[in-house]
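J.: Dropping a structure here in C-alpha coordinates format, bear with me for questions.
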Amino acid sequence: MLFARALCVTIAVLVVSGCHSSKFQRNEGAPGVADYRLVVVGDFPPRDADTPKAGRATMQDATAAGQRFAVMLEEELRLHGVRGVIRRGAPEPGALLVEGEVTGYDPGNALLRGAVGFGLGGADFEATLRLVDADSRKLVGTIAIDKQSFPVAGLAGALHNVDILIRTAAERAAMEVAIAQGTLKRGQVPAGKVRRPVGCGRGGPGCGPDD
(Lines give C-alpha, C1' and ligand atoms only; values in the text may rest on other atoms or scores of the structure.)
Protein backbone atom coordinates (compact mmCIF):
# COMPACT_ATOMS: atom_id res chain seq x y z
CA MET A 1 0.00 0.00 0.00
CA LEU A 2 2.79 2.41 0.92
CA PHE A 3 4.64 1.50 -2.27
CA ALA A 4 1.52 2.13 -4.35
CA ARG A 5 1.02 5.55 -2.75
CA ALA A 6 4.65 6.46 -3.27
CA LEU A 7 4.41 5.40 -6.92
CA CYS A 8 1.31 7.55 -7.42
CA VAL A 9 3.03 10.57 -5.89
CA THR A 10 6.07 10.02 -8.10
CA ILE A 11 3.94 9.81 -11.22
CA ALA A 12 2.02 12.95 -10.24
CA VAL A 13 5.26 14.87 -9.77
CA LEU A 14 6.54 13.65 -13.12
CA VAL A 15 3.36 14.69 -14.89
CA VAL A 16 3.48 18.18 -13.39
CA SER A 17 7.16 18.56 -14.19
CA GLY A 18 6.64 17.37 -17.77
CA CYS A 19 5.62 20.81 -19.00
CA HIS A 20 7.67 23.93 -18.38
CA SER A 21 6.79 27.39 -19.62
CA SER A 22 8.02 30.78 -18.55
CA LYS A 23 5.93 33.89 -18.12
CA PHE A 24 6.33 36.85 -20.43
CA GLN A 25 9.49 38.72 -19.52
CA ARG A 26 9.24 42.39 -20.47
CA ASN A 27 12.38 44.20 -21.56
CA GLU A 28 13.20 47.19 -19.35
CA GLY A 29 12.10 50.45 -20.96
CA ALA A 30 10.41 48.78 -23.93
CA PRO A 31 6.95 49.78 -25.19
CA GLY A 32 4.02 47.96 -23.60
CA VAL A 33 2.35 45.13 -25.49
CA ALA A 34 -0.96 46.99 -25.12
CA ASP A 35 0.42 49.83 -27.29
CA TYR A 36 0.11 47.79 -30.48
CA ARG A 37 -2.94 47.28 -32.67
CA LEU A 38 -1.21 45.09 -35.24
CA VAL A 39 0.41 41.78 -34.32
CA VAL A 40 2.41 39.93 -36.96
CA VAL A 41 3.47 36.34 -36.37
CA GLY A 42 6.84 35.75 -37.99
CA ASP A 43 8.95 32.65 -38.50
CA PHE A 44 10.25 30.07 -36.03
CA PRO A 45 13.18 28.28 -37.67
CA PRO A 46 15.32 25.72 -35.82
CA ARG A 47 17.95 27.40 -33.66
CA ASP A 48 20.83 25.20 -34.78
CA ALA A 49 21.83 21.68 -35.77
CA ASP A 50 21.21 20.45 -32.20
CA THR A 51 17.50 21.37 -32.29
CA PRO A 52 16.39 17.89 -33.46
CA LYS A 53 16.95 15.63 -30.48
CA ALA A 54 17.80 11.97 -29.86
CA GLY A 55 18.35 11.22 -33.54
CA ARG A 56 14.60 10.80 -34.08
CA ALA A 57 14.16 13.92 -36.20
CA THR A 58 15.89 15.92 -38.90
CA MET A 59 16.36 19.65 -39.45
CA GLN A 60 13.58 19.42 -42.02
CA ASP A 61 11.28 17.97 -39.36
CA ALA A 62 12.17 20.76 -36.93
CA THR A 63 11.62 23.37 -39.64
CA ALA A 64 8.18 21.96 -40.40
CA ALA A 65 7.37 21.96 -36.67
CA GLY A 66 8.26 25.65 -36.47
CA GLN A 67 5.96 26.40 -39.38
CA ARG A 68 3.08 24.52 -37.73
CA PHE A 69 3.73 26.37 -34.49
CA ALA A 70 3.53 29.75 -36.25
CA VAL A 71 0.21 28.86 -37.88
CA MET A 72 -1.22 27.63 -34.58
CA LEU A 73 0.08 30.70 -32.74
CA GLU A 74 -1.73 33.03 -35.13
CA GLU A 75 -4.95 31.11 -34.49
CA GLU A 76 -4.47 30.99 -30.71
CA LEU A 77 -3.76 34.72 -30.46
CA ARG A 78 -7.24 35.32 -31.90
CA LEU A 79 -8.86 32.70 -29.67
CA HIS A 80 -7.22 34.25 -26.61
CA GLY A 81 -8.72 37.65 -27.41
CA VAL A 82 -5.55 39.54 -28.29
CA ARG A 83 -6.64 42.99 -29.51
CA GLY A 84 -5.97 44.35 -32.95
CA VAL A 85 -5.28 42.87 -36.36
CA ILE A 86 -3.42 39.56 -36.20
CA ARG A 87 -1.77 38.09 -39.23
CA ARG A 88 1.06 35.88 -40.34
CA GLY A 89 3.90 37.18 -42.49
CA ALA A 90 6.71 39.69 -42.77
CA PRO A 91 7.17 42.65 -40.39
CA GLU A 92 4.92 45.65 -41.06
CA PRO A 93 5.19 49.29 -39.92
CA GLY A 94 3.71 49.82 -36.47
CA ALA A 95 3.44 46.12 -35.74
CA LEU A 96 4.38 44.00 -32.78
CA LEU A 97 6.36 41.19 -34.36
CA VAL A 98 6.23 37.80 -32.64
CA GLU A 99 9.11 35.67 -33.87
CA GLY A 100 11.74 33.31 -32.51
CA GLU A 101 13.27 29.87 -32.85
CA VAL A 102 12.45 26.26 -32.19
CA THR A 103 15.11 25.32 -29.65
CA GLY A 104 14.21 21.66 -29.18
CA TYR A 105 12.22 19.10 -31.17
CA ASP A 106 11.75 15.39 -30.61
CA PRO A 107 8.71 13.44 -31.88
CA GLY A 108 9.57 10.64 -29.47
CA ASN A 109 8.36 7.06 -29.81
CA ALA A 110 4.70 6.30 -29.12
CA LEU A 111 5.32 2.59 -28.53
CA LEU A 112 7.91 3.27 -25.84
CA ARG A 113 5.75 5.95 -24.22
CA GLY A 114 2.76 3.64 -24.09
CA ALA A 115 4.56 0.44 -23.03
CA VAL A 116 7.19 1.77 -20.62
CA GLY A 117 6.64 5.45 -19.81
CA PHE A 118 8.83 7.26 -17.29
CA GLY A 119 10.25 9.47 -20.02
CA LEU A 120 11.26 6.71 -22.43
CA GLY A 121 10.14 7.62 -25.94
CA GLY A 122 9.05 11.03 -24.68
CA ALA A 123 8.18 13.78 -27.15
CA ASP A 124 9.50 17.31 -26.67
CA PHE A 125 8.89 20.75 -28.17
CA GLU A 126 10.77 23.85 -27.06
CA ALA A 127 10.64 27.36 -28.47
CA THR A 128 11.82 30.84 -27.59
CA LEU A 129 9.59 33.74 -28.62
CA ARG A 130 10.71 37.32 -29.04
CA LEU A 131 8.21 40.17 -29.12
CA VAL A 132 9.84 42.92 -31.18
CA ASP A 133 8.85 46.44 -32.21
CA ALA A 134 8.80 46.14 -36.01
CA ASP A 135 9.85 49.78 -36.54
CA SER A 136 12.78 50.08 -34.14
CA ARG A 137 13.58 46.34 -33.86
CA LYS A 138 13.71 46.91 -30.12
CA LEU A 139 12.99 43.87 -28.01
CA VAL A 140 9.71 44.24 -26.12
CA GLY A 141 9.90 40.94 -24.25
CA THR A 142 10.47 37.20 -24.42
CA ILE A 143 8.60 33.97 -23.69
CA ALA A 144 10.27 30.56 -23.33
CA ILE A 145 8.18 27.45 -23.90
CA ASP A 146 9.13 23.85 -23.07
CA LYS A 147 6.49 21.15 -23.50
CA GLN A 148 7.12 17.45 -22.87
CA SER A 149 4.84 14.44 -23.20
CA PHE A 150 3.34 12.71 -20.18
CA PRO A 151 5.95 10.44 -18.54
CA VAL A 152 3.32 7.83 -17.65
CA ALA A 153 2.76 4.63 -19.62
CA GLY A 154 -0.50 3.60 -21.24
CA LEU A 155 -2.78 5.05 -23.87
CA ALA A 156 -2.58 8.61 -22.49
CA GLY A 157 1.20 8.63 -22.78
CA ALA A 158 1.20 7.02 -26.22
CA LEU A 159 -1.27 9.52 -27.64
CA HIS A 160 0.41 12.57 -26.08
CA ASN A 161 2.42 13.27 -29.21
CA VAL A 162 4.50 16.19 -30.41
CA ASP A 163 1.63 17.74 -32.40
CA ILE A 164 -0.33 18.10 -29.17
CA LEU A 165 2.74 19.67 -27.57
CA ILE A 166 3.03 22.20 -30.42
CA ARG A 167 -0.61 23.16 -29.97
CA THR A 168 -0.30 23.54 -26.19
CA ALA A 169 2.88 25.57 -26.70
CA ALA A 170 0.97 27.93 -29.02
CA GLU A 171 -1.84 28.18 -26.46
CA ARG A 172 0.56 29.05 -23.67
CA ALA A 173 2.40 31.63 -25.76
CA ALA A 174 -0.88 33.26 -26.84
CA MET A 175 -2.06 33.34 -23.22
CA GLU A 176 1.11 35.15 -22.14
CA VAL A 177 0.71 37.73 -24.92
CA ALA A 178 -2.93 38.31 -23.97
CA ILE A 179 -2.01 38.71 -20.30
CA ALA A 180 0.80 41.13 -21.17
CA GLN A 181 -1.65 43.10 -23.31
CA GLY A 182 -4.13 43.26 -20.44
CA THR A 183 -6.96 41.53 -22.29
CA LEU A 184 -6.78 38.38 -20.15
CA LYS A 185 -6.15 37.70 -16.49
CA ARG A 186 -3.98 34.83 -15.36
CA GLY A 187 -6.15 31.81 -14.67
CA GLN A 188 -9.02 33.17 -16.76
CA VAL A 189 -10.39 31.08 -19.62
CA PRO A 190 -10.57 33.23 -22.78
CA ALA A 191 -14.00 33.52 -24.35
CA GLY A 192 -12.68 32.09 -27.61
CA LYS A 193 -11.70 28.86 -25.85
CA VAL A 194 -15.02 28.26 -24.08
CA ARG A 195 -16.95 25.45 -25.72
CA ARG A 196 -20.69 25.84 -25.94
CA PRO A 197 -22.74 22.95 -24.49
CA VAL A 198 -23.65 20.15 -26.89
CA GLY A 199 -27.07 20.75 -28.46
CA CYS A 200 -26.83 24.53 -28.66
CA GLY A 201 -27.10 24.58 -32.43
CA ARG A 202 -30.80 25.45 -32.09
CA GLY A 203 -30.47 27.57 -28.99
CA GLY A 204 -32.11 26.80 -25.68
CA PRO A 205 -31.38 27.22 -21.97
CA GLY A 206 -27.72 27.87 -21.25
CA CYS A 207 -26.92 28.55 -24.89
CA GLY A 208 -27.47 32.30 -25.12
CA PRO A 209 -24.75 34.93 -24.68
CA ASP A 210 -26.35 36.13 -21.44
CA ASP A 211 -26.83 32.68 -19.88
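Lettering and numbering for the C-alpha coordinates are positional, with chains as A, B, ... in the shown order, residues counted from 1 in each chain, and ligands counted from 1 in the shown order.
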Mind listing the helix (DSSP H, G or I) residues of segment 42-153 of chain A, per DSSP on the backbone, as JSON, numbers by chain?

T.: {"A": [59, 60, 61, 62, 63, 64, 65, 66, 67, 68, 69, 70, 71, 72, 73, 74, 75, 76, 77, 78, 79, 110, 111, 112, 113, 114, 115]}

J.: Within 10 Å of Gly81 of chain A, counting only C-alpha atoms, which residues qualify if same-chain residues fewer than 3 places away don't, as a list in words?

T.: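 Once the adjacent positions are removed, what remains is Glu76, Leu77, Arg78, Gly84, Ala174, Met175, Val177, Ala178, Ile179, Gln181, Thr183, Leu184, Pro190, Ala191, Gly192 and Lys193 of chain A.
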
J.: Using N, CA and C atoms, can you export the residues from the last selection as a PDB file, in the first residue's frame?

T.:
```
ATOM      1  N   GLU A  76      -4.262  30.899 -32.158  1.00  0.00           N
ATOM      2  CA  GLU A  76      -4.465  30.986 -30.714  1.00  0.00           C
ATOM      3  C   GLU A  76      -4.472  32.435 -30.216  1.00  0.00           C
ATOM      4  N   LEU A  77      -3.720  33.313 -30.856  1.00  0.00           N
ATOM      5  CA  LEU A  77      -3.763  34.724 -30.463  1.00  0.00           C
ATOM      6  C   LEU A  77      -5.173  35.278 -30.627  1.00  0.00           C
ATOM      7  N   ARG A  78      -5.859  34.885 -31.692  1.00  0.00           N
ATOM      8  CA  ARG A  78      -7.243  35.322 -31.895  1.00  0.00           C
ATOM      9  C   ARG A  78      -8.160  34.698 -30.840  1.00  0.00           C
ATOM     10  N   GLY A  84      -6.600  43.868 -31.740  1.00  0.00           N
ATOM     11  CA  GLY A  84      -5.973  44.345 -32.953  1.00  0.00           C
ATOM     12  C   GLY A  84      -6.005  43.344 -34.086  1.00  0.00           C
ATOM     13  N   ALA A 174       0.211  32.309 -26.586  1.00  0.00           N
ATOM     14  CA  ALA A 174      -0.877  33.261 -26.835  1.00  0.00           C
ATOM     15  C   ALA A 174      -1.447  33.793 -25.519  1.00  0.00           C
ATOM     16  N   MET A 175      -1.565  32.918 -24.531  1.00  0.00           N
ATOM     17  CA  MET A 175      -2.063  33.339 -23.222  1.00  0.00           C
ATOM     18  C   MET A 175      -1.155  34.399 -22.615  1.00  0.00           C
ATOM     19  N   VAL A 177       0.849  36.477 -24.179  1.00  0.00           N
ATOM     20  CA  VAL A 177       0.713  37.733 -24.924  1.00  0.00           C
ATOM     21  C   VAL A 177      -0.564  38.454 -24.501  1.00  0.00           C
ATOM     22  N   ALA A 178      -1.665  37.711 -24.372  1.00  0.00           N
ATOM     23  CA  ALA A 178      -2.933  38.313 -23.969  1.00  0.00           C
ATOM     24  C   ALA A 178      -2.850  38.906 -22.563  1.00  0.00           C
ATOM     25  N   ILE A 179      -2.173  38.206 -21.663  1.00  0.00           N
ATOM     26  CA  ILE A 179      -2.008  38.714 -20.298  1.00  0.00           C
ATOM     27  C   ILE A 179      -1.148  39.973 -20.306  1.00  0.00           C
ATOM     28  N   GLN A 181      -0.866  42.035 -22.674  1.00  0.00           N
ATOM     29  CA  GLN A 181      -1.649  43.097 -23.307  1.00  0.00           C
ATOM     30  C   GLN A 181      -2.734  43.627 -22.379  1.00  0.00           C
ATOM     31  N   THR A 183      -5.647  41.981 -21.854  1.00  0.00           N
ATOM     32  CA  THR A 183      -6.964  41.531 -22.291  1.00  0.00           C
ATOM     33  C   THR A 183      -7.386  40.226 -21.615  1.00  0.00           C
ATOM     34  N   LEU A 184      -6.486  39.641 -20.838  1.00  0.00           N
ATOM     35  CA  LEU A 184      -6.779  38.384 -20.155  1.00  0.00           C
ATOM     36  C   LEU A 184      -6.074  38.379 -18.813  1.00  0.00           C
ATOM     37  N   PRO A 190     -10.137  32.264 -21.768  1.00  0.00           N
ATOM     38  CA  PRO A 190     -10.570  33.228 -22.783  1.00  0.00           C
ATOM     39  C   PRO A 190     -11.885  32.811 -23.415  1.00  0.00           C
ATOM     40  N   ALA A 191     -12.677  33.800 -23.783  1.00  0.00           N
ATOM     41  CA  ALA A 191     -13.999  33.517 -24.350  1.00  0.00           C
ATOM     42  C   ALA A 191     -13.894  32.653 -25.603  1.00  0.00           C
ATOM     43  N   GLY A 192     -12.833  32.854 -26.383  1.00  0.00           N
ATOM     44  CA  GLY A 192     -12.675  32.089 -27.608  1.00  0.00           C
ATOM     45  C   GLY A 192     -12.375  30.622 -27.393  1.00  0.00           C
ATOM     46  N   LYS A 193     -12.021  30.250 -26.153  1.00  0.00           N
ATOM     47  CA  LYS A 193     -11.697  28.860 -25.848  1.00  0.00           C
ATOM     48  C   LYS A 193     -12.805  28.157 -25.072  1.00  0.00           C
TER      49      LYS A 193
END
```

J.: My list of candidates is A:Leu111, A:Val194, A:Val189, A:Val132. Which is closest to Asn161 of chain A when distances are computed with only C-alpha atoms?

T.: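 Among A:Leu111, A:Val194, A:Val189, A:Val132, it is A:Leu111 that comes nearest to Asn161 of chain A.
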
J.: Compile the contact shell of segment 98-106 of chain A as a ChimeraX atom specification: residues with an atom at most 8 Å away, counting only C-alpha atoms, same-chain residues fewer than 5 positions apart removed.

T.: /A:39-48,50-54,56-57,62,65-66,122-132,162

J.: Quick one: DSSP strand (DSSP E) residues in segment 27-86 of chain A, as a ChimeraX atom specification?

T.: /A:38-41,85-86

J.: Using atom CA of Val85 of chain A and atom CA of Lys138 of chain A as the two end points, give the distance in Å to one decimal.

T.: 20.4 Å

J.: Kindly indicate which residue among A:Ile145, A:Leu139, A:Ala34, A:Val82 lies nearest to Ala170 of chain A, using only C-alpha atoms for the distances.

T.: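 The answer is A:Ile145, which sits nearest to Ala170 of chain A.
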
J.: Which one is closest to Ser149 of chain A: A:Thr63, A:Ser22, A:Asn109, A:Gln188? Count only C-alpha atoms.

T.: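 Nearest candidate to Ser149 of chain A out of A:Thr63, A:Ser22, A:Asn109, A:Gln188: A:Asn109.
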
J.: Which is closer to Val140 of chain A than all the others in A:Leu96, A:His80, A:Arg195, A:Arg37, using only C-alpha atoms?

T.: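 Between A:Leu96, A:His80, A:Arg195, A:Arg37, the residue approaching Val140 of chain A most closely is A:Leu96.
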
J.: In Å to one decimal, how far is atom CA of Ala173 of chain A from atom CA of Arg186 of chain A?

T.: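 For atom CA of Arg186 of chain A relative to atom CA of Ala173 of chain A, the distance reads 12.6 Å.
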
J.: Please identify all polymer residues within 10 Å of Asp135 of chain A, counting only C-alpha atoms, omitting same-chain residues fewer than 2 positions from it, and present them as a list of chain:residue names.

T.: A:Pro91, A:Glu92, A:Pro93, A:Gly94, A:Ala95, A:Leu96, A:Leu97, A:Val132, A:Asp133, A:Arg137, A:Lys138

J.: Write out, as a PDB file, in the first residue's frame, the residues just selected, with N, CA, C and O atoms.

T.:
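See selection31.pdb below for the written result:
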```
ATOM      1  N   PRO A  91       7.399  41.475 -41.238  1.00  0.00           N
ATOM      2  CA  PRO A  91       7.166  42.653 -40.391  1.00  0.00           C
ATOM      3  C   PRO A  91       6.505  43.788 -41.165  1.00  0.00           C
ATOM      4  O   PRO A  91       6.773  43.985 -42.346  1.00  0.00           O
ATOM      5  N   GLU A  92       5.605  44.515 -40.475  1.00  0.00           N
ATOM      6  CA  GLU A  92       4.921  45.648 -41.064  1.00  0.00           C
ATOM      7  C   GLU A  92       5.093  46.860 -40.162  1.00  0.00           C
ATOM      8  O   GLU A  92       5.265  46.718 -38.940  1.00  0.00           O
ATOM      9  N   PRO A  93       5.048  48.077 -40.737  1.00  0.00           N
ATOM     10  CA  PRO A  93       5.188  49.287 -39.922  1.00  0.00           C
ATOM     11  C   PRO A  93       4.152  49.331 -38.802  1.00  0.00           C
ATOM     12  O   PRO A  93       2.978  49.035 -39.010  1.00  0.00           O
ATOM     13  N   GLY A  94       4.613  49.675 -37.610  1.00  0.00           N
ATOM     14  CA  GLY A  94       3.714  49.819 -36.468  1.00  0.00           C
ATOM     15  C   GLY A  94       3.304  48.526 -35.806  1.00  0.00           C
ATOM     16  O   GLY A  94       2.489  48.533 -34.880  1.00  0.00           O
ATOM     17  N   ALA A  95       3.870  47.423 -36.250  1.00  0.00           N
ATOM     18  CA  ALA A  95       3.438  46.118 -35.738  1.00  0.00           C
ATOM     19  C   ALA A  95       4.275  45.656 -34.554  1.00  0.00           C
ATOM     20  O   ALA A  95       5.431  46.045 -34.389  1.00  0.00           O
ATOM     21  N   LEU A  96       3.651  44.795 -33.761  1.00  0.00           N
ATOM     22  CA  LEU A  96       4.381  43.997 -32.779  1.00  0.00           C
ATOM     23  C   LEU A  96       4.685  42.681 -33.461  1.00  0.00           C
ATOM     24  O   LEU A  96       3.774  41.923 -33.816  1.00  0.00           O
ATOM     25  N   LEU A  97       5.949  42.412 -33.689  1.00  0.00           N
ATOM     26  CA  LEU A  97       6.361  41.190 -34.363  1.00  0.00           C
ATOM     27  C   LEU A  97       6.640  40.105 -33.336  1.00  0.00           C
ATOM     28  O   LEU A  97       7.400  40.316 -32.380  1.00  0.00           O
ATOM     29  N   VAL A 132       8.942  41.882 -30.678  1.00  0.00           N
ATOM     30  CA  VAL A 132       9.836  42.920 -31.178  1.00  0.00           C
ATOM     31  C   VAL A 132       9.028  44.052 -31.799  1.00  0.00           C
ATOM     32  O   VAL A 132       8.045  43.799 -32.512  1.00  0.00           O
ATOM     33  N   ASP A 133       9.427  45.287 -31.530  1.00  0.00           N
ATOM     34  CA  ASP A 133       8.848  46.439 -32.211  1.00  0.00           C
ATOM     35  C   ASP A 133       9.342  46.419 -33.655  1.00  0.00           C
ATOM     36  O   ASP A 133      10.554  46.500 -33.908  1.00  0.00           O
ATOM     37  N   ARG A 137      12.962  47.637 -34.116  1.00  0.00           N
ATOM     38  CA  ARG A 137      13.577  46.338 -33.860  1.00  0.00           C
ATOM     39  C   ARG A 137      13.994  46.187 -32.403  1.00  0.00           C
ATOM     40  O   ARG A 137      14.799  45.323 -32.054  1.00  0.00           O
ATOM     41  N   LYS A 138      13.412  47.012 -31.543  1.00  0.00           N
ATOM     42  CA  LYS A 138      13.714  46.909 -30.125  1.00  0.00           C
ATOM     43  C   LYS A 138      12.941  45.748 -29.518  1.00  0.00           C
ATOM     44  O   LYS A 138      11.757  45.549 -29.803  1.00  0.00           O
TER      45      LYS A 138
END
```

J.: When you draw a straight line from atom CA of Leu165 of chain A to atom CA of Leu73 of chain A, how long is it in Å?

T.: 12.5 Å
